[in-house]
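What's in target_19.cif: mmCIF, C-alpha atoms
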data_entry
loop_
_atom_site.group_PDB
_atom_site.id
_atom_site.type_symbol
_atom_site.label_atom_id
_atom_site.label_comp_id
_atom_site.auth_asym_id
_atom_site.auth_seq_id
_atom_site.Cartn_x
_atom_site.Cartn_y
_atom_site.Cartn_z
ATOM 1 C CA MET A 1 21.323 -37.949 -80.200
ATOM 2 C CA ASN A 2 23.959 -35.477 -80.900
ATOM 3 C CA MET A 3 23.796 -31.805 -80.115
ATOM 4 C CA ASP A 4 22.811 -30.526 -83.570
ATOM 5 C CA ARG A 5 19.884 -32.888 -83.900
ATOM 6 C CA ARG A 6 18.680 -32.027 -80.451
ATOM 7 C CA GLN A 7 18.787 -28.301 -81.121
ATOM 8 C CA ARG A 8 16.884 -28.737 -84.388
ATOM 9 C CA PHE A 9 14.213 -30.768 -82.643
ATOM 10 C CA LEU A 10 13.737 -28.138 -79.932
ATOM 11 C CA LEU A 11 13.570 -25.390 -82.580
ATOM 12 C CA VAL A 12 10.783 -27.209 -84.427
ATOM 13 C CA VAL A 13 8.796 -27.713 -81.207
ATOM 14 C CA LEU A 14 9.242 -24.056 -80.362
ATOM 15 C CA LEU A 15 8.062 -22.924 -83.781
ATOM 16 C CA VAL A 16 4.974 -25.144 -83.512
ATOM 17 C CA LEU A 17 4.037 -23.927 -79.995
ATOM 18 C CA LEU A 18 4.813 -20.248 -80.567
ATOM 19 C CA PRO A 19 1.738 -19.474 -82.731
ATOM 20 C CA PHE A 20 -0.584 -21.099 -80.176
ATOM 21 C CA GLY A 21 0.917 -19.071 -77.311
ATOM 22 C CA ALA A 22 0.796 -15.843 -79.302
ATOM 23 C CA TRP A 23 -2.811 -16.510 -80.309
ATOM 24 C CA LYS A 24 -3.780 -17.101 -76.641
ATOM 25 C CA VAL A 25 -2.157 -13.873 -75.496
ATOM 26 C CA LEU A 26 -3.264 -11.645 -78.372
ATOM 27 C CA LYS A 27 -6.779 -13.101 -78.856
ATOM 28 C CA PRO A 28 -8.576 -10.237 -77.033
ATOM 29 C CA TRP A 29 -6.742 -7.733 -79.198
ATOM 30 C CA PHE A 30 -7.822 -9.281 -82.480
ATOM 31 C CA GLY A 31 -11.481 -9.519 -81.463
ATOM 32 C CA GLY A 32 -11.977 -13.195 -81.149
ATOM 33 C CA ILE A 33 -12.163 -16.067 -83.647
ATOM 34 C CA ALA A 34 -15.115 -14.792 -85.691
ATOM 35 C CA GLY A 35 -13.325 -11.750 -86.860
ATOM 36 C CA GLY A 36 -13.811 -8.089 -86.460
ATOM 37 C CA GLY A 37 -10.519 -7.320 -88.058
ATOM 38 C CA PHE A 38 -7.238 -6.229 -86.662
ATOM 39 C CA ALA A 39 -7.635 -4.052 -83.573
ATOM 40 C CA GLY A 40 -11.403 -4.038 -83.943
ATOM 41 C CA LEU A 41 -11.317 -2.573 -87.473
ATOM 42 C CA GLY A 42 -13.322 -4.074 -90.262
ATOM 43 C CA ARG A 43 -16.519 -5.967 -90.088
ATOM 44 C CA SER A 44 -17.861 -7.200 -86.836
ATOM 45 C CA THR A 45 -20.296 -10.050 -86.376
ATOM 46 C CA GLY A 46 -21.102 -9.394 -82.732
ATOM 47 C CA GLY A 47 -17.825 -10.625 -81.330
ATOM 48 C CA THR A 48 -16.263 -9.172 -78.232
ATOM 49 C CA ALA A 49 -14.507 -5.866 -78.528
ATOM 50 C CA SER A 50 -11.033 -5.263 -77.278
ATOM 51 C CA PRO A 51 -10.934 -4.570 -73.553
ATOM 52 C CA TRP A 52 -8.489 -1.727 -74.131
ATOM 53 C CA LEU A 53 -10.768 0.140 -76.514
ATOM 54 C CA ASP A 54 -13.987 -0.113 -74.472
ATOM 55 C CA THR A 55 -12.592 1.474 -71.327
ATOM 56 C CA GLU A 56 -14.286 4.664 -70.251
ATOM 57 C CA VAL A 57 -12.156 7.758 -69.698
ATOM 58 C CA VAL A 58 -12.949 9.438 -66.411
ATOM 59 C CA ASP A 59 -12.262 13.111 -65.639
ATOM 60 C CA LEU A 60 -9.318 13.679 -63.374
ATOM 61 C CA GLN A 61 -10.278 14.866 -59.905
ATOM 62 C CA LEU A 62 -7.488 17.084 -58.634
ATOM 63 C CA GLY A 63 -8.703 16.928 -55.030
ATOM 64 C CA SER A 64 -7.996 13.230 -54.888
ATOM 65 C CA LEU A 65 -4.393 13.856 -55.920
ATOM 66 C CA GLU A 66 -3.614 16.018 -52.923
ATOM 67 C CA VAL A 67 -1.848 14.193 -50.174
ATOM 68 C CA ALA A 68 -3.442 14.668 -46.781
ATOM 69 C CA VAL A 69 -1.051 16.013 -44.188
ATOM 70 C CA HIS A 70 -0.753 13.556 -41.359
ATOM 71 C CA ASN A 71 0.369 14.567 -37.935
ATOM 72 C CA TYR A 72 2.938 12.015 -37.096
ATOM 73 C CA GLN A 73 2.596 10.903 -33.518
ATOM 74 C CA PRO A 74 5.798 9.176 -32.588
ATOM 75 C CA GLY A 75 5.257 6.112 -30.502
ATOM 76 C CA ARG A 76 7.711 4.256 -28.445
ATOM 77 C CA ASN A 77 11.344 5.170 -28.958
ATOM 78 C CA ILE A 78 13.250 1.926 -28.979
ATOM 79 C CA PHE A 79 16.459 3.760 -28.128
ATOM 80 C CA ARG A 80 15.205 5.276 -24.886
ATOM 81 C CA TYR A 81 13.630 3.706 -21.886
ATOM 82 C CA PRO A 82 10.612 5.333 -20.293
ATOM 83 C CA PRO A 83 11.114 6.795 -16.824
ATOM 84 C CA LYS A 84 11.218 4.095 -14.228
ATOM 85 C CA VAL A 85 7.911 3.767 -12.449
ATOM 86 C CA VAL A 86 8.360 3.285 -8.747
ATOM 87 C CA TYR A 87 5.633 1.136 -7.323
ATOM 88 C CA ARG A 88 4.628 2.213 -3.889
ATOM 89 C CA PRO A 89 2.161 -0.032 -2.168
ATOM 90 C CA PRO A 90 -0.832 1.740 -0.779
ATOM 91 C CA PRO A 91 -0.451 2.737 2.838
ATOM 92 C CA PRO A 92 -1.850 0.194 5.234
ATOM 93 C CA PRO A 93 -5.202 1.035 6.684
ATOM 94 C CA PRO A 94 -4.966 2.814 10.008
ATOM 95 C CA LEU A 95 -4.979 0.568 12.986
ATOM 96 C CA PRO A 96 -8.094 0.698 15.074
ATOM 97 C CA PRO A 97 -7.608 2.609 18.284
ATOM 98 C CA PRO A 98 -6.562 0.382 21.124
ATOM 99 C CA PRO A 99 -9.306 -0.533 23.483
ATOM 100 C CA PRO A 100 -9.382 1.598 26.578
ATOM 101 C CA PRO A 101 -7.493 0.074 29.444
ATOM 102 C CA PRO A 102 -9.703 -1.826 31.779
ATOM 103 C CA VAL A 103 -10.838 0.248 34.636
ATOM 104 C CA VAL A 104 -9.181 -1.159 37.659
ATOM 105 C CA PRO A 105 -11.043 -0.081 40.714
ATOM 106 C CA VAL A 106 -8.707 1.776 42.943
ATOM 107 C CA GLU A 107 -8.429 -0.179 46.065
ATOM 108 C CA VAL A 108 -9.285 2.114 48.854
ATOM 109 C CA LYS A 109 -6.942 1.359 51.652
ATOM 110 C CA PRO A 110 -8.086 2.078 55.112
ATOM 111 C CA ARG A 111 -6.188 4.880 56.716
ATOM 112 C CA PRO A 112 -4.588 4.741 60.076
ATOM 113 C CA PRO A 113 -6.522 6.581 62.768
ATOM 114 C CA GLU A 114 -5.863 10.251 63.421
ATOM 115 C CA ILE A 115 -3.548 11.008 66.309
ATOM 116 C CA ASP A 116 -5.756 12.860 68.764
ATOM 117 C CA PHE A 117 -3.295 13.133 71.629
ATOM 118 C CA SER A 118 -0.107 15.042 72.377
ATOM 119 C CA LEU A 119 3.117 14.217 74.225
ATOM 120 C CA LEU A 120 3.500 16.014 77.544
ATOM 121 C CA GLY A 121 6.916 14.632 78.431
ATOM 122 C CA VAL A 122 9.200 11.691 79.126
ATOM 123 C CA PHE A 123 10.556 10.583 82.513
ATOM 124 C CA GLY A 124 12.060 7.584 84.270
ATOM 125 C CA PRO A 125 15.358 5.699 84.057
ATOM 126 C CA GLU A 126 16.843 4.913 80.658
ATOM 127 C CA LYS A 127 15.775 1.233 80.653
ATOM 128 C CA ARG A 128 12.200 1.889 81.846
ATOM 129 C CA ARG A 129 11.186 5.222 80.441
ATOM 130 C CA ILE A 130 7.574 6.337 80.480
ATOM 131 C CA ALA A 131 5.902 8.720 78.016
ATOM 132 C CA VAL A 132 3.041 10.880 79.251
ATOM 133 C CA PHE A 133 0.216 11.727 76.785
ATOM 134 C CA THR A 134 -2.931 13.785 77.074
ATOM 135 C CA ASP A 135 -5.981 13.503 74.808
ATOM 136 C CA GLU A 136 -8.874 15.803 73.906
ATOM 137 C CA GLN A 137 -10.796 14.893 77.080
ATOM 138 C CA ASP A 138 -7.767 15.946 79.166
ATOM 139 C CA ALA A 139 -7.117 12.362 80.195
ATOM 140 C CA ILE A 140 -3.499 11.576 81.036
ATOM 141 C CA LEU A 141 -1.952 8.372 79.737
ATOM 142 C CA ASN A 142 1.337 6.934 81.025
ATOM 143 C CA VAL A 143 2.762 4.483 78.457
ATOM 144 C CA GLN A 144 5.953 2.381 78.435
ATOM 145 C CA GLU A 145 7.869 1.247 75.350
ATOM 146 C CA ASN A 146 6.093 -1.477 73.203
ATOM 147 C CA GLU A 147 2.818 -0.951 75.065
ATOM 148 C CA VAL A 148 -0.572 -0.610 73.279
ATOM 149 C CA PHE A 149 -2.721 2.356 74.276
ATOM 150 C CA LYS A 150 -6.088 3.670 73.156
ATOM 151 C CA GLU A 151 -6.640 0.272 71.395
ATOM 152 C CA HIS A 152 -5.036 1.404 68.101
ATOM 153 C CA PHE A 153 -1.608 2.802 68.941
ATOM 154 C CA ILE A 154 1.661 1.254 70.100
ATOM 155 C CA LEU A 155 4.601 3.150 71.556
ATOM 156 C CA GLN A 156 7.597 1.832 69.606
ATOM 157 C CA LYS A 157 10.502 3.925 70.909
ATOM 158 C CA ILE A 158 11.098 6.619 73.513
ATOM 159 C CA ASP A 159 13.902 9.216 73.268
ATOM 160 C CA LEU A 160 14.515 12.212 75.514
ATOM 161 C CA LYS A 161 12.823 14.793 73.267
ATOM 162 C CA TRP A 162 10.422 12.694 71.154
ATOM 163 C CA VAL A 163 8.641 9.352 70.815
ATOM 164 C CA TYR A 164 7.733 7.067 67.889
ATOM 165 C CA VAL A 165 4.098 5.968 67.816
ATOM 166 C CA GLY A 166 3.056 3.079 65.522
ATOM 167 C CA PHE A 167 -0.361 1.692 64.579
ATOM 168 C CA VAL A 168 -1.581 -1.700 65.814
ATOM 169 C CA ASP A 169 -3.960 -2.260 62.876
ATOM 170 C CA PHE A 170 -1.422 -1.026 60.272
ATOM 171 C CA PRO A 171 1.957 -2.628 61.002
ATOM 172 C CA ASP A 172 3.352 -1.646 57.559
ATOM 173 C CA GLU A 173 2.820 2.071 58.130
ATOM 174 C CA PRO A 174 5.913 3.958 59.309
ATOM 175 C CA PRO A 175 5.726 5.210 62.904
ATOM 176 C CA VAL A 176 4.839 8.838 63.568
ATOM 177 C CA GLN A 177 7.400 10.941 65.452
ATOM 178 C CA LEU A 178 5.904 13.167 68.161
ATOM 179 C CA GLU A 179 7.882 15.887 69.943
ATOM 180 C CA ILE A 180 7.206 17.101 73.431
ATOM 181 C CA GLY A 181 4.387 19.633 73.341
ATOM 182 C CA SER A 182 2.948 18.512 70.043
#
Before we go any further, please render this structure as structure tokens.
Amino acid sequence: MNMDRRQRFLLVVLLVLLPFGAWKVLKPWFGGIAGGGFAGLGRSTGGTASPWLDTEVVDLQLGSLEVAVHNYQPGRNIFRYPPKVVYRPPPPPPLPPPPPPPVVPVEVKPRPPEIDFSLLGVFGPEKRRIAVFTDEQDAILNVQENEVFKEHFILQKIDLKWVYVGFVDFPDEPPVQLEIGS
């Protein structure tokens, strides 16, 4: 088939199909197959009227034409970051008060006995000195160095002006220094 024949064939097909397409599109305008005339004019046998001519005209409501003013609430700005939120953990609950320290009973240490005597004097040679004491009952006691007297006291050292008296029952206690006349 050459080009002229082909074009003629397509033109014939187009001319045959064109009236059917136009009839399909314009059918509501002409009022259907039974008649009614062009654009609904002429006689009508109960066919359908044109949809464009049967439309009802409604009064214009001017209030519906006004555009409502909207308050624009801007949302997130994609060009700015929000302020950085610093997360602070809640403070830890307060610690319970520590239990009171256990009551340790204070150990009552026995005390050394009271010294109820006084030194009257010292006499004798240097290697064998003797200290002379008197007590509340006016008894006189002659005691040498390292000798126990009155069951609780020991004479530890004798000097010319004083003596050192220790305690037999309390060896850890420091000796008491007594001067002559005290």
Can you list, as an MDAnalysis selection string, every protein, DNA or RNA residue that comes within 6 Å of region 120-130 of chain A when you count all atoms listed in the file, leaving out same-chain residues fewer than 4 positions away?
chainID A and resid 143:144 180:181
Considering all atoms listed in the file, can you say which of A:Glu136, A:Asp4, A:Glu66, A:Glu114 comes closest to Val176 (chain A)?
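Among the listed residues, the smallest separation from Val176 (chain A) belongs to A:Glu114.
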Would you mind reading off the distance between CA of Asp138 (chain A) and CA of Phe170 (chain A), one decimal, in Å?
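So the two atoms, CA of Asp138 (chain A) and CA of Phe170 (chain A), lie 26.2 Å apart.
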For the structure provided, state which residues fall under the PyMOL selection byres ((chain A and resi 175) around 7), and present them as a ChimeraX atom specification.
/A:164-166,173-174,176-177
Answer key for the PyMOL selection byres ((chain A and resi 97-111) around 12), residues as a PyMOL selection string:
chain A and resi 93-96+112-115+152+167+169-173
Please measure the separation of CA of Pro28 (chain A) and CA of Val13 (chain A), giving the value in Å to one decimal.
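A separation of 25.0 Å between them.
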Between CA of Gln7 (chain A) and CA of Gly21 (chain A) - distance in Å to one decimal:
20.5 Å
Compile the contact shell of Asp116 (chain A) as a PDB file with C-alpha atoms, keeping the file's coordinate frame: residues with an atom at most 12 Å away, counting all atoms listed in the file, same-chain residues fewer than 5 positions apart removed.
ATOM      1  CA  PHE A 133       0.216  11.727  76.785  1.00  0.00           C
ATOM      2  CA  THR A 134      -2.931  13.785  77.074  1.00  0.00           C
ATOM      3  CA  ASP A 135      -5.981  13.503  74.808  1.00  0.00           C
ATOM      4  CA  GLU A 136      -8.874  15.803  73.906  1.00  0.00           C
ATOM      5  CA  GLN A 137     -10.796  14.893  77.080  1.00  0.00           C
ATOM      6  CA  ASP A 138      -7.767  15.946  79.166  1.00  0.00           C
ATOM      7  CA  ALA A 139      -7.117  12.362  80.195  1.00  0.00           C
ATOM      8  CA  LYS A 150      -6.088   3.670  73.156  1.00  0.00           C
ATOM      9  CA  HIS A 152      -5.036   1.404  68.101  1.00  0.00           C
ATOM     10  CA  PHE A 153      -1.608   2.802  68.941  1.00  0.00           C
ATOM     11  CA  LEU A 178       5.904  13.167  68.161  1.00  0.00           C
ATOM     12  CA  SER A 182       2.948  18.512  70.043  1.00  0.00           C
TER      13      SER A 182
END
Report as AutoDock Vina command-line options the centre and the edge lengths, in Å to one decimal, of the axis-aligned box holding every listed atom of region 6-9 of chain A, padded by 3 Å on each side.
--center_x 16.5 --center_y -30.2 --center_z -82.4 --size_x 10.6 --size_y 9.7 --size_z 9.9
I'd like to know which of A:Glu145, A:Val58, A:Leu14, A:Pro19 is closest to Ile158 (chain A), using only C-alpha atoms.
A:Glu145
Tell me which protein, DNA and RNA residues are within 8 Å of Val163 (chain A), counting all atoms listed in the file, leaving out same-chain ones fewer than 6 positions away, and put them as JSON, numbers by chain.
{"A": [131, 155, 156, 157, 177, 178, 179]}
